[in-house]
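Reviewing the structure listed below.
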Protein chains: 2
Amino acid sequence: MIFVPMFEVFEKYLHEFCEVSPEDLQSIRDTATPKNLRKRQSLLHDGEIWRSICFISSGCCRLYRYDNDGVDHTVRFGIENWWISDWESYHHQKPAKYNIEALSTSSVLLWTKSDWEQLLNTIPALKIFYDGLAARAYEMAQERIYSLISSSAEQRYLEFQKTYPKVFNKVPLHMVASYLGISRETLSRLRKDFTTTK
Amino acid sequence: MIFVPMFEVFEKYLHEFCEVSPEDLQSIRDTATPKNLRKRQSLLHDGEIWRSICFISSGCCRLYRYDNDGVDHTVRFGIENWWISDWESYHHQKPAKYNIEALSTSSVLLWTKSDWEQLLNTIPALKIFYDGLAARAYEMAQERIYSLISSSAEQRYLEFQKTYPKVFNKVPLHMVASYLGISRETLSRLRKDFTTTK
DNA sequence: CGATTCTTTGAAAACAGTCAATCTGTGTGG
DNA sequence: CCACACAGATTGACTGTTTTCAAAGAATCG
């Protein structure tokens with residue numbers, strides 16, 4: 001069982017942002033379920049209910065959704081030290097519209113909704129940390145919306161590469177294209193333009 | 001002073017989602033600052049720090065941002081019973097990248113950050129309500145991102161009209177175009193297509 | 001090495017942006 | 001009450017970008 005190193009990553013992460021007592025940390029540890037994922041393994045299928053919150057200790061995942069034509073669209077990536085969830089399904093405990101899968105071998109920590117809520121209720125520092133996390137997620141979403149309505153595909157590509165280099169280096173280009181809202185062919189041609197004009 | 005009706009709107013709204021005692025409600029009322037806005041009046045200029053949270057009692061506002069070419073992009077609308085803020089500026093108390101203005105005669109209620117935090121700390125029900133509000137805002141943002149990366153301009157237009165009819169009917173079309181990430185001319189032509197083919 | 005998966009390329013068609021002009025409705029001042 | 005200004009919406013002609021479809025090259029993995 002590769003339990004310990006996985007939790008160590010989380011513990012180190014948590015200590016950076018949040019002061020919790022050793023006892024509280026123990027509670028957090030006790031309620032966590034570690035899970036190892038192979039490449040392409042699914043964590044959530046649309047239609048299911050997402051019952052946990054999920055911290056990525058290592059590897060890379062994505063949140064995506066199929067449109068009416070069966071084409072999938074990458075809404076969000078997650079790498080180590082990120083959280084990934086379908087918040088809508090989680091908050092309302094209703095069937096998910098989104099899917100989550102690992103893009104490479106990954107390990108994650110899961111807490112059930114009730115356990116996590118319990119932790120938030122009993123550990124004020126964790127609640128404060130978590131609220132800040134949600135606030136930042138919203139800010140990032142707004143920034144992305146602004147980018148999508150105001151910038152060209154080329155600008156968005158460069159911005160993504162610059163802002164999330166670690167993610168960029170871990171995911172296939174056709175998923176970057178999907179994330180940017182353009183076709184893989186267009187992305188390919190944009191990249192070609194850079195190398196020929198520069 | 002048109003103080004009372006403005007707060008009545010808020011009170012009615014709050015009661016729908018949140019149970020607070022009369023005393024708590026009084027605290028909330030006491031710390032609110034009402035403000036009337038004329039059409040085009042600004043609530044926040046980029047570069048300033050957004051120091052309050054803002055509830056719209058009546059009228060219509062928008063959150064927008066200028067790009068490097070000086071073109072403005074509407075990131076969000078707000079009408080009665082909505083909140084409007086630059087959360088990034090609010091949370092970190094740093095200069096705003098966004099602007100907020102009234103699109104028609106509007107009245108809003110403002111709470112300073114410290115007053116609001118005080119209220120959240122002393123009124124658990126308000127805190128729970130507020131957390132839920134933030135969660136829903138995030139879900140809506142994610143839905144919008146999905147729409148922007150997966151749907152055509154035409155689909156996004158119809159979707160917006162259907163999902164937010166009240167907003168749609170209050171704002172000029174060129175701002176709808178800006179919100180959808182297309183030019184006003186393109187929007188105008190999309191609309192023309194509907195009337196000729198149907 | 002054979003089979004996926006990922007990326008690139010080409011050509012045509014669909015789509016969206018720009019610029020400039022016009023049209024429409026609203027409200028204001030003379 | 002009219003004339004005018006102004007903001008908002010539309011249109012035309014043109015240009016530029018993006019998609020689509022089909023095919024072919026890389027790269028990766030068992």
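Letters A, B, ... go to the chains of the structure tokens in the order shown; residues in each chain start at 1; ligands are counted from 1 in the same order.
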Would you tabulate, counting only C-alpha atoms (C1' of nucleotides), all residues of chain D that have an atom at most 10 Å from an atom of chain A, showing the closest pair of atoms and their distance in Å to one decimal, sorted by chain then ascending number, as CSV?
residue,atom,partner,partner_atom,distance
D:DT17,C1',A:Thr186,CA,9.5
D:DT18,C1',A:Thr186,CA,6.8
D:DT19,C1',A:Ser183,CA,7.4
D:DT20,C1',A:Glu185,CA,9.8
- Do you know which residues are at most 10 Å from region 24-26 of chain C counting only C-alpha atoms (C1' of nucleotides), after dropping those on the same chain fewer than 2 positions away, and could you put them as a count of residues only? 7
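Near chain B, within 12 Å and using only C-alpha atoms (C1' of nucleotides), the residues of chain C are DC15, DA16, DG17, DT18 and DC19 of chain C.
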Next, the residues of the selection above should be written as a short mmCIF file (atom, residue, chain, number, x, y, z; two decimals), in the first residue's frame with C-alpha atoms (C1' of nucleotides).
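Dumped to part_36.cif:
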data_model
loop_
_atom_site.label_atom_id
_atom_site.label_comp_id
_atom_site.auth_asym_id
_atom_site.auth_seq_id
_atom_site.Cartn_x
_atom_site.Cartn_y
_atom_site.Cartn_z
"C1'" DC C 15 -18.04 31.42 -40.00
"C1'" DA C 16 -16.80 35.76 -37.81
"C1'" DG C 17 -14.49 40.26 -37.77
"C1'" DT C 18 -13.72 44.98 -39.66
"C1'" DC C 19 -14.90 49.28 -41.60
#
Could the residues of chain B that have an atom at most 7 Å from chain A be listed as CSV, each with its closest atom pair and the distance in Å to one decimal, counting only C-alpha atoms and ordered by chain and ascending residue number?
residue,atom,partner,partner_atom,distance
B:His73,CA,A:Ser150,CA,6.5
B:Val75,CA,A:Tyr146,CA,6.2
B:Trp87,CA,A:Glu139,CA,6.8
B:Glu88,CA,A:Glu139,CA,6.0
B:Tyr138,CA,A:Tyr138,CA,5.5
B:Glu139,CA,A:Glu88,CA,6.0
B:Ala141,CA,A:Ala141,CA,6.2
B:Gln142,CA,A:Ala141,CA,6.9
B:Ile145,CA,A:Ile145,CA,6.1
B:Tyr146,CA,A:Val75,CA,6.2
B:Leu148,CA,A:Leu148,CA,6.9
B:Ile149,CA,A:Gly181,CA,3.9
B:Ser150,CA,A:Gly181,CA,6.5
B:Leu180,CA,A:Ile149,CA,6.6
B:Gly181,CA,A:Ile149,CA,4.0
Deliver the residues from the most recent selection as a file, using C-alpha atoms, as a PDB file, in the first residue's frame.
ATOM      1  CA  HIS B  73     -15.912  43.119 -22.514  1.00  0.00           C
ATOM      2  CA  VAL B  75     -18.071  39.557 -18.027  1.00  0.00           C
ATOM      3  CA  TRP B  87     -14.342  39.199  -6.076  1.00  0.00           C
ATOM      4  CA  GLU B  88     -10.671  39.275  -6.831  1.00  0.00           C
ATOM      5  CA  TYR B 138     -18.915  28.924  -9.323  1.00  0.00           C
ATOM      6  CA  GLU B 139     -21.259  26.409 -10.890  1.00  0.00           C
ATOM      7  CA  ALA B 141     -19.188  30.163 -14.137  1.00  0.00           C
ATOM      8  CA  GLN B 142     -18.278  26.610 -15.031  1.00  0.00           C
ATOM      9  CA  ILE B 145     -17.035  28.173 -19.628  1.00  0.00           C
ATOM     10  CA  TYR B 146     -18.451  24.944 -20.990  1.00  0.00           C
ATOM     11  CA  LEU B 148     -18.023  29.106 -24.486  1.00  0.00           C
ATOM     12  CA  ILE B 149     -15.760  26.222 -25.444  1.00  0.00           C
ATOM     13  CA  SER B 150     -18.431  23.881 -26.766  1.00  0.00           C
ATOM     14  CA  LEU B 180     -21.170  36.114 -25.681  1.00  0.00           C
ATOM     15  CA  GLY B 181     -17.746  36.940 -27.066  1.00  0.00           C
TER      16      GLY B 181
END
- What is the CA of Gln155 (chain B)-CA of Phe77 (chain A) distance in Å, reported with one decimal?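 CA of Phe77 (chain A) lies 25.0 Å from CA of Gln155 (chain B).
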- Query: Among chain A, which ones does DSSP place in alpha helix (DSSP H), written as number ranges by chain?
  - Reply: A: 3-17, 22-31, 87-92, 113-122, 124-150, 153-163, 165-168, 173-180, 184-197
- Task: Name all residues at most 10 Å from region 2-11 of chain C (count only C-alpha atoms (C1' of nucleotides); drop same-chain ones fewer than 6 positions away) and give them as a ChimeraX atom specification.
- Result: /A:172-174,184-185,188-189,192 /D:21-30
- Tell me which protein, DNA and RNA residues are within 6 Å of region 49-60 of chain A, counting only C-alpha atoms (C1' of nucleotides), leaving out same-chain ones fewer than 3 positions away, and put them as a list in words.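 Listed by chain and then number, they are Met6, Val9, Gly78, Ile79, Glu80, Asn81, Trp82, Trp83, Ile84, Ser89, Tyr90, Gln93, Lys94, Pro95, Ala96, Ala102, Leu103, Ser104, Thr105, Ser106, Ser107, Val108, Leu109, Leu110, Trp111, Thr112 and Lys113 of chain A.
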Residues as selected, C-alpha atoms, written as a PDB file, in the first residue's frame, can you do that?
ATOM      1  CA  MET A   6       0.440  10.003  -0.924  1.00  0.00           C
ATOM      2  CA  VAL A   9       2.150  15.185  -0.317  1.00  0.00           C
ATOM      3  CA  GLY A  78      -5.806  19.099 -12.430  1.00  0.00           C
ATOM      4  CA  ILE A  79      -2.300  18.092 -11.451  1.00  0.00           C
ATOM      5  CA  GLU A  80      -0.567  17.370  -8.158  1.00  0.00           C
ATOM      6  CA  ASN A  81      -1.688  19.646  -5.332  1.00  0.00           C
ATOM      7  CA  TRP A  82      -4.913  20.561  -7.114  1.00  0.00           C
ATOM      8  CA  TRP A  83      -8.406  19.549  -6.284  1.00  0.00           C
ATOM      9  CA  ILE A  84     -10.726  18.177  -8.891  1.00  0.00           C
ATOM     10  CA  SER A  89     -22.970  17.133  -8.563  1.00  0.00           C
ATOM     11  CA  TYR A  90     -21.191  17.291  -5.220  1.00  0.00           C
ATOM     12  CA  GLN A  93     -25.818  15.313  -4.839  1.00  0.00           C
ATOM     13  CA  LYS A  94     -27.398  14.996  -8.224  1.00  0.00           C
ATOM     14  CA  PRO A  95     -26.276  13.128 -11.358  1.00  0.00           C
ATOM     15  CA  ALA A  96     -23.166  14.589 -12.903  1.00  0.00           C
ATOM     16  CA  ALA A 102      -6.799  10.336 -15.085  1.00  0.00           C
ATOM     17  CA  LEU A 103      -4.602  11.370 -18.009  1.00  0.00           C
ATOM     18  CA  SER A 104      -1.618   9.520 -16.626  1.00  0.00           C
ATOM     19  CA  THR A 105      -0.890   7.276 -13.676  1.00  0.00           C
ATOM     20  CA  SER A 106      -2.154   9.264 -10.744  1.00  0.00           C
ATOM     21  CA  SER A 107      -2.842   8.988  -7.067  1.00  0.00           C
ATOM     22  CA  VAL A 108      -5.591  10.830  -5.314  1.00  0.00           C
ATOM     23  CA  LEU A 109      -7.079  11.207  -1.874  1.00  0.00           C
ATOM     24  CA  LEU A 110     -10.823  11.095  -1.423  1.00  0.00           C
ATOM     25  CA  TRP A 111     -13.049  12.236   1.414  1.00  0.00           C
ATOM     26  CA  THR A 112     -16.753  11.517   1.421  1.00  0.00           C
ATOM     27  CA  LYS A 113     -18.997  14.541   1.531  1.00  0.00           C
TER      28      LYS A 113
END
- Task: Grab the CA of Glu11 (chain A) to CA of Ala32 (chain A) distance for me, in Å with one decimal place.
- Result: 11.7 Å
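If you look at CA of Tyr130 (chain A) and CA of Asn99 (chain A), they are 22.9 Å away from each other.
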Taking the DSSP assignment computed from this structure's backbone, write out as a compact mmCIF listing (two decimals) with C-alpha atoms, in the first residue's frame all residues of region 89-139 of chain B that belong to strand (DSSP E or B).
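The new file selection25.txt reads:
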# COMPACT_ATOMS: atom_id res chain seq x y z
CA ASN B 99 -15.37 47.96 -13.79
CA ILE B 100 -18.92 48.00 -12.55
CA GLU B 101 -21.60 50.34 -13.82
CA ALA B 102 -25.36 50.68 -13.76
CA SER B 106 -30.65 51.18 -10.10
CA SER B 107 -30.54 50.93 -6.36
CA VAL B 108 -28.08 48.83 -4.48
CA LEU B 109 -27.15 47.96 -0.92
CA LEU B 110 -23.53 47.97 0.13
CA TRP B 111 -21.77 46.42 3.10
CA THR B 112 -18.11 47.11 3.79
